[in-house]
Amino acid sequence: MSYSCSRRTFVGGTLAAGLVGAVSGKPVRESSPIAGDVVPFHGEHQSGITEPPLAPQQQGIFAAYDVTVDNRGELTNLFRTLTERARFLTSGGPARPAPHSSGSGLLGSTLVPDGLTITVGVGASLFDNRFGLAGRKPVELVPMTAFAHDDLSPAECHGDLLLQLCANHDDALINALIDIHSHAGALMRQRWRIDGFRSPQRPSGTPRDLLGFHDDVANHFLTDVKGRINEFIWVHPPSPEPAWTTGGTYQVIRIVRFHLDQWDRIPVAQQEKIIGRHKVTGVPLNGGTNENSPVVYDPQGEVMPFNCHVRLANPQTVGSRFSASNPYVPDKVPPVHIWRRSYQYMRAPDVDGRMDAGHAFCCFQRELSTYTDMQQRLEKEMLVPFITPTGGGYFFALPGVTDDHDYYARTLLT
Ligand code: HEM
């Protein structure tokens, strides 16, 4: 498998065997994940971002917290505790109950890792005056502010910390969350949470979102070329960022509600024009044989409308320049890539009984401005009437925990 970032590999034969090219030789998950999957915890970068490679686990939780401790020593204690629990939960083994609890018991007496990854990010508020960290804030890290069509609920925005938990099955995720609360619950308080899922392949290729389209396809632009993940995703010198951020990345979460009743009422051909790809196959509207075929923009915007989703998100894909006659993107934009790793959600109806379902949009990028520029362009997209962003936040996903002696945020705190 050629994958520029696959230093970590799965331990667990079934998944490795399942990473067989179904579409134009791309490695994709074909078989059902097994509970024994281990995504190694230690590494230069955290897992749960580009790993497991190309096949994010099917269940995901994004949980934001405010820390309740008030000095640097206690904060360090929190990060050490989170590290110890994440190291154990992601590797599995005989369940070791917490000192004051018998453990959830949800996974039986031996904890199965189930492909679990736990990814920790920090929000701008952690760099206020509580811990003396103001001078160490990642340069672009700010609280998320509303874009043109947002209807943000303050109760579901921001946070000192973000925990992203992903696994093959819900019980492994819930066990992990219970365990983390049992050990670290006295040091932080959950602020909001969104639970999501990713579909299996229907019937093949990249999983579909709740609009029915294959989603996250374009990630392969980053994995196809060696070094591109490093160029676009991981912070590394030379950079204006503080040295401690090396190996980390900016993470954006946006809770985006879909108006599925309206979406389902418009013809498929119109939906395809709105996205820029065919619904059933994922093939770009400009043509091709499969979802990984190159996206090429026509200068007149007749095939790929100027304000379709993919064209506005990435006006200039590799090998295809945007047109000077494009009214939506006045200036030349270099190829821009973010690493999308979103989950779908469906939760209790709102007070009026309307379905609350959509996208727990998640992306990672070396510079936060890559995302904000993109989101500003998308304010003019044809998808706008069918979606409403309601929450989320900006975080900095910490560098990886490198070995048994290391812990989350060590380079930030020491
Ligand atoms: C929340 C609702 C959204 C939905 C339903 C959605 C759906 C899709 C779909 C179906 C594709 C085409 C397949 C693919 O390449 O994955 C796509 C592509 C893409 N989306 Fe989104 N997306 C959403 C939000 C966003 C946001 C908020 C951003 C960033 C600000 C974004 C950035 C992109 C990018 C960069 C591409 C690839 C463009 C390319 O290089 O071809 N999307 N999206």
# chains A, B, ... in the order shown; residues from 1 in each chain; ligands from 1

$ residues_around --residues "Ala64 in chain A" --least-positions-apart "5" --cutoff "12 Å" --atoms "only C-alpha atoms" --output "ChimeraX atom specification"
/A:119-123,125,155-165,188-195,253,391-395

$ residues_near_ligand --ligand "ligand 1" --cutoff "7 Å" --atoms "only C-alpha atoms and all ligand atoms" --output "MDAnalysis selection string"
chainID A and resid 209 211 213:219 256 275 277 282 295 309:311 313:314 317 337:338 359 361 371:372 374:375 378 387

$ write_last_selection --atoms "C-alpha atoms" --output "PDB file, in the first residue's frame"
ATOM      1  CA  ASP A 209     -23.237  11.241   3.820  1.00  0.00           C
ATOM      2  CA  LEU A 211     -27.327  13.770   1.431  1.00  0.00           C
ATOM      3  CA  PHE A 213     -23.316  11.465  -1.796  1.00  0.00           C
ATOM      4  CA  HIS A 214     -19.926   9.811  -1.404  1.00  0.00           C
ATOM      5  CA  ASP A 215     -18.105  12.167   0.947  1.00  0.00           C
ATOM      6  CA  ASP A 216     -14.397  12.677   1.771  1.00  0.00           C
ATOM      7  CA  VAL A 217     -13.401  11.387  -1.657  1.00  0.00           C
ATOM      8  CA  ALA A 218     -10.957  14.198  -2.385  1.00  0.00           C
ATOM      9  CA  ASN A 219      -8.757  13.230   0.571  1.00  0.00           C
ATOM     10  CA  VAL A 256     -24.158  21.243  10.411  1.00  0.00           C
ATOM     11  CA  ILE A 275     -22.315  19.201  -5.229  1.00  0.00           C
ATOM     12  CA  ARG A 277     -20.449  15.010  -8.573  1.00  0.00           C
ATOM     13  CA  GLY A 282     -19.407   9.818  -7.064  1.00  0.00           C
ATOM     14  CA  VAL A 295     -11.978  16.927 -11.056  1.00  0.00           C
ATOM     15  CA  HIS A 309     -19.691  22.739  -3.610  1.00  0.00           C
ATOM     16  CA  VAL A 310     -16.446  21.219  -4.835  1.00  0.00           C
ATOM     17  CA  ARG A 311     -15.598  24.135  -7.102  1.00  0.00           C
ATOM     18  CA  ALA A 313     -14.325  24.581  -1.758  1.00  0.00           C
ATOM     19  CA  ASN A 314     -11.289  24.046  -3.945  1.00  0.00           C
ATOM     20  CA  THR A 317      -7.544  21.509  -8.058  1.00  0.00           C
ATOM     21  CA  HIS A 337      -6.318  20.955   0.740  1.00  0.00           C
ATOM     22  CA  ILE A 338      -7.826  20.095   4.064  1.00  0.00           C
ATOM     23  CA  HIS A 359     -22.892  16.416   9.486  1.00  0.00           C
ATOM     24  CA  PHE A 361     -18.040  18.149   9.916  1.00  0.00           C
ATOM     25  CA  TYR A 371     -10.405  26.381   6.391  1.00  0.00           C
ATOM     26  CA  THR A 372     -11.796  29.867   7.100  1.00  0.00           C
ATOM     27  CA  MET A 374     -12.794  27.954   2.212  1.00  0.00           C
ATOM     28  CA  GLN A 375     -15.806  28.429   4.469  1.00  0.00           C
ATOM     29  CA  LEU A 378     -18.829  28.375   0.585  1.00  0.00           C
ATOM     30  CA  ILE A 387     -27.894  23.227   5.613  1.00  0.00           C
TER      31      ILE A 387
END

$ select_by_dssp --residues "range 265-386 of chain A" --states "strand (DSSP E or B)" --output "PyMOL selection string"
chain A and resi 277+284+339-340+343-347+356-365

$ closest_residue --among "A:Phe131, A:Phe396, A:Phe258, A:Phe232" --to "Thr68 in chain A" --atoms "only C-alpha atoms"
A:Phe131

$ residues_around --residues "range 174-178 of chain A" --least-positions-apart "4" --cutoff "9 Å" --atoms "only C-alpha atoms" --output "list in words"
Ile61, Arg85, Ala86, Leu89, Thr90, Gly103, Ser104, Gly105, Leu106, Leu107, Leu116, Ile118, Leu165, Asp170, Ser182 and His183 of chain A

$ write_last_selection --atoms "C-alpha atoms" --output "PDB file, in the first residue's frame"
ATOM      1  CA  ILE A  61     -17.782  11.069  19.289  1.00  0.00           C
ATOM      2  CA  ARG A  85      -6.275   6.172  30.040  1.00  0.00           C
ATOM      3  CA  ALA A  86      -5.973   6.665  26.269  1.00  0.00           C
ATOM      4  CA  LEU A  89      -8.015   1.995  26.216  1.00  0.00           C
ATOM      5  CA  THR A  90      -6.508   2.026  22.720  1.00  0.00           C
ATOM      6  CA  GLY A 103     -15.109  -0.122  35.553  1.00  0.00           C
ATOM      7  CA  SER A 104     -18.030  -0.104  33.140  1.00  0.00           C
ATOM      8  CA  GLY A 105     -17.806  -3.833  32.430  1.00  0.00           C
ATOM      9  CA  LEU A 106     -19.258  -3.026  29.022  1.00  0.00           C
ATOM     10  CA  LEU A 107     -16.504  -4.867  27.169  1.00  0.00           C
ATOM     11  CA  LEU A 116     -10.244   2.948  19.172  1.00  0.00           C
ATOM     12  CA  ILE A 118      -8.509   9.122  21.148  1.00  0.00           C
ATOM     13  CA  LEU A 165     -13.066   9.261  20.091  1.00  0.00           C
ATOM     14  CA  ASP A 170     -20.402   2.107  19.884  1.00  0.00           C
ATOM     15  CA  SER A 182     -14.359   8.076  35.848  1.00  0.00           C
ATOM     16  CA  HIS A 183     -10.668   9.029  35.962  1.00  0.00           C
TER      17      HIS A 183
END

$ closest_residue --among "A:Phe386, A:Leu210, A:Phe306, A:Trp339" --to "Thr50 in chain A" --atoms "only C-alpha atoms"
A:Trp339

$ closest_atom_pairs --of "range 279-397 of chain A" --to "range 196-205 of chain A" --cutoff "6 Å" --atoms "only C-alpha atoms" --output "CSV"
residue,atom,partner,partner_atom,distance
A:Tyr343,CA,A:Gly196,CA,5.0
A:Gln344,CA,A:Gly196,CA,5.0
A:Tyr345,CA,A:Gly196,CA,4.5

$ write_last_selection --atoms "N, CA and C atoms" --output "PDB file, in the first residue's frame"
ATOM      1  N   TYR A 343     -18.231  12.902  10.421  1.00  0.00           N
ATOM      2  CA  TYR A 343     -19.199  11.859  10.793  1.00  0.00           C
ATOM      3  C   TYR A 343     -20.602  12.411  10.564  1.00  0.00           C
ATOM      4  N   GLN A 344     -21.545  11.510  10.400  1.00  0.00           N
ATOM      5  CA  GLN A 344     -22.948  11.910  10.238  1.00  0.00           C
ATOM      6  C   GLN A 344     -23.630  11.793  11.604  1.00  0.00           C
ATOM      7  N   TYR A 345     -24.605  12.621  11.838  1.00  0.00           N
ATOM      8  CA  TYR A 345     -25.331  12.462  13.108  1.00  0.00           C
ATOM      9  C   TYR A 345     -26.836  12.454  12.886  1.00  0.00           C
TER      10      TYR A 345
END

$ closest_residue --among "A:Ala124, A:Leu75, A:Gly358, A:Val280" --to "Gln251 in chain A" --atoms "only C-alpha atoms"
A:Ala124

$ select_by_dssp --residues "range 6-246 of chain A" --states "helix (DSSP H, G or I)" --output "number ranges by chain"
A: 13-18, 72-91, 124-127, 134-136, 154-156, 170-184, 217-223, 228-232, 243-245

$ residues_around --residues "range 233-247 of chain A" --least-positions-apart "5" --cutoff "10 Å" --atoms "only C-alpha atoms" --output "short mmCIF file (atom, residue, chain, number, x, y, z; two decimals) with N, CA and C atoms, in the first residue's frame"
data_model
loop_
_atom_site.label_atom_id
_atom_site.label_comp_id
_atom_site.auth_asym_id
_atom_site.auth_seq_id
_atom_site.Cartn_x
_atom_site.Cartn_y
_atom_site.Cartn_z
N GLY A 43 3.32 7.89 18.68
CA GLY A 43 3.77 8.33 17.36
C GLY A 43 4.04 9.82 17.35
N GLU A 44 4.64 10.27 16.28
CA GLU A 44 4.96 11.69 16.13
C GLU A 44 3.66 12.53 16.05
N HIS A 45 2.65 11.92 15.43
CA HIS A 45 1.34 12.58 15.33
C HIS A 45 0.32 11.74 16.07
N GLN A 46 -0.76 12.36 16.52
CA GLN A 46 -1.82 11.57 17.15
C GLN A 46 -2.52 10.71 16.11
N ILE A 49 -6.41 10.94 13.09
CA ILE A 49 -6.41 12.05 12.13
C ILE A 49 -6.23 11.45 10.73
N THR A 50 -5.00 11.13 10.37
CA THR A 50 -4.82 10.44 9.09
C THR A 50 -4.76 8.93 9.28
N GLY A 135 1.30 33.10 26.21
CA GLY A 135 2.38 33.31 25.24
C GLY A 135 2.66 32.10 24.36
N ARG A 136 1.97 31.02 24.61
CA ARG A 136 2.24 29.79 23.86
C ARG A 136 1.11 29.39 22.92
N LYS A 137 0.15 30.27 22.78
CA LYS A 137 -1.02 29.93 21.94
C LYS A 137 -0.60 29.76 20.48
N PRO A 138 -1.11 28.72 19.82
CA PRO A 138 -0.89 28.61 18.38
C PRO A 138 -1.36 29.91 17.71
N VAL A 139 -0.60 30.41 16.77
CA VAL A 139 -0.84 31.79 16.31
C VAL A 139 -2.23 32.01 15.71
N GLU A 140 -2.79 31.01 15.09
CA GLU A 140 -4.10 31.21 14.45
C GLU A 140 -5.28 30.76 15.30
N LEU A 222 -4.42 14.17 -1.23
CA LEU A 222 -3.32 14.35 -0.28
C LEU A 222 -2.47 13.10 -0.11
N ARG A 228 2.64 15.28 0.60
CA ARG A 228 1.60 16.31 0.57
C ARG A 228 0.87 16.42 1.92
N HIS A 337 -5.88 22.27 0.28
CA HIS A 337 -6.32 20.96 0.74
C HIS A 337 -6.50 20.95 2.24
N ILE A 338 -7.61 20.37 2.66
CA ILE A 338 -7.83 20.10 4.06
C ILE A 338 -8.06 18.59 4.15
N TRP A 339 -7.87 18.03 5.34
CA TRP A 339 -8.09 16.60 5.53
C TRP A 339 -9.43 16.44 6.22
N CYS A 363 -12.44 18.69 10.07
CA CYS A 363 -11.29 18.74 9.14
C CYS A 363 -10.05 19.20 9.88
N PHE A 364 -8.92 18.80 9.32
CA PHE A 364 -7.60 19.12 9.88
C PHE A 364 -6.79 19.84 8.82
N GLN A 365 -6.02 20.84 9.23
CA GLN A 365 -5.17 21.56 8.30
C GLN A 365 -4.06 22.26 9.06
N ARG A 366 -2.96 22.47 8.34
CA ARG A 366 -1.79 23.08 8.96
C ARG A 366 -2.03 24.54 9.32
N GLU A 367 -2.84 25.19 8.51
CA GLU A 367 -3.17 26.60 8.78
C GLU A 367 -4.69 26.73 8.89
N PHE A 396 -6.70 23.03 18.49
CA PHE A 396 -5.40 22.60 17.96
C PHE A 396 -5.16 21.19 18.45
N ALA A 397 -5.15 20.23 17.52
CA ALA A 397 -4.90 18.83 17.88
C ALA A 397 -3.42 18.70 18.21
N LEU A 398 -3.16 18.23 19.42
CA LEU A 398 -1.79 18.24 19.97
C LEU A 398 -0.86 17.34 19.16
N PRO A 399 0.46 17.57 19.28
CA PRO A 399 1.41 16.62 18.70
C PRO A 399 1.21 15.24 19.33
N GLY A 400 1.74 14.21 18.71
CA GLY A 400 1.55 12.85 19.22
C GLY A 400 2.30 12.61 20.52
N ALA A 409 0.40 17.08 25.48
CA ALA A 409 0.67 18.49 25.79
C ALA A 409 1.97 18.71 26.56
N ARG A 410 2.82 17.68 26.65
CA ARG A 410 4.08 17.86 27.40
C ARG A 410 4.87 19.04 26.85
N THR A 411 4.97 19.13 25.53
CA THR A 411 5.78 20.22 24.97
C THR A 411 5.14 21.59 25.19
N LEU A 412 3.83 21.60 25.41
CA LEU A 412 3.16 22.87 25.71
C LEU A 412 3.40 23.27 27.17
N LEU A 413 3.40 22.29 28.05
CA LEU A 413 3.39 22.58 29.49
C LEU A 413 4.79 22.70 30.10
N THR A 414 5.82 22.22 29.40
CA THR A 414 7.14 22.21 30.02
C THR A 414 8.11 23.15 29.28
#

$ residues_around --residues "range 266-272 of chain A" --least-positions-apart "4" --cutoff "9 Å" --atoms "only C-alpha atoms" --output "list in words"
Leu211, Phe213, Gln262, Gly276, Arg277, His278, Lys279, Leu285, Cys308 and Leu383 of chain A

$ write_last_selection --atoms "C-alpha atoms" --output "PDB file, in the first residue's frame"
ATOM      1  CA  LEU A 211     -27.327  13.770   1.431  1.00  0.00           C
ATOM      2  CA  PHE A 213     -23.316  11.465  -1.796  1.00  0.00           C
ATOM      3  CA  GLN A 262     -36.182  20.040   1.391  1.00  0.00           C
ATOM      4  CA  GLY A 276     -20.414  18.807  -8.532  1.00  0.00           C
ATOM      5  CA  ARG A 277     -20.449  15.010  -8.573  1.00  0.00           C
ATOM      6  CA  HIS A 278     -22.823  12.245  -9.615  1.00  0.00           C
ATOM      7  CA  LYS A 279     -24.874  10.950  -6.728  1.00  0.00           C
ATOM      8  CA  LEU A 285     -19.600  15.944 -13.353  1.00  0.00           C
ATOM      9  CA  CYS A 308     -21.147  24.107  -6.832  1.00  0.00           C
ATOM     10  CA  LEU A 383     -26.015  24.071  -0.862  1.00  0.00           C
TER      11      LEU A 383
END
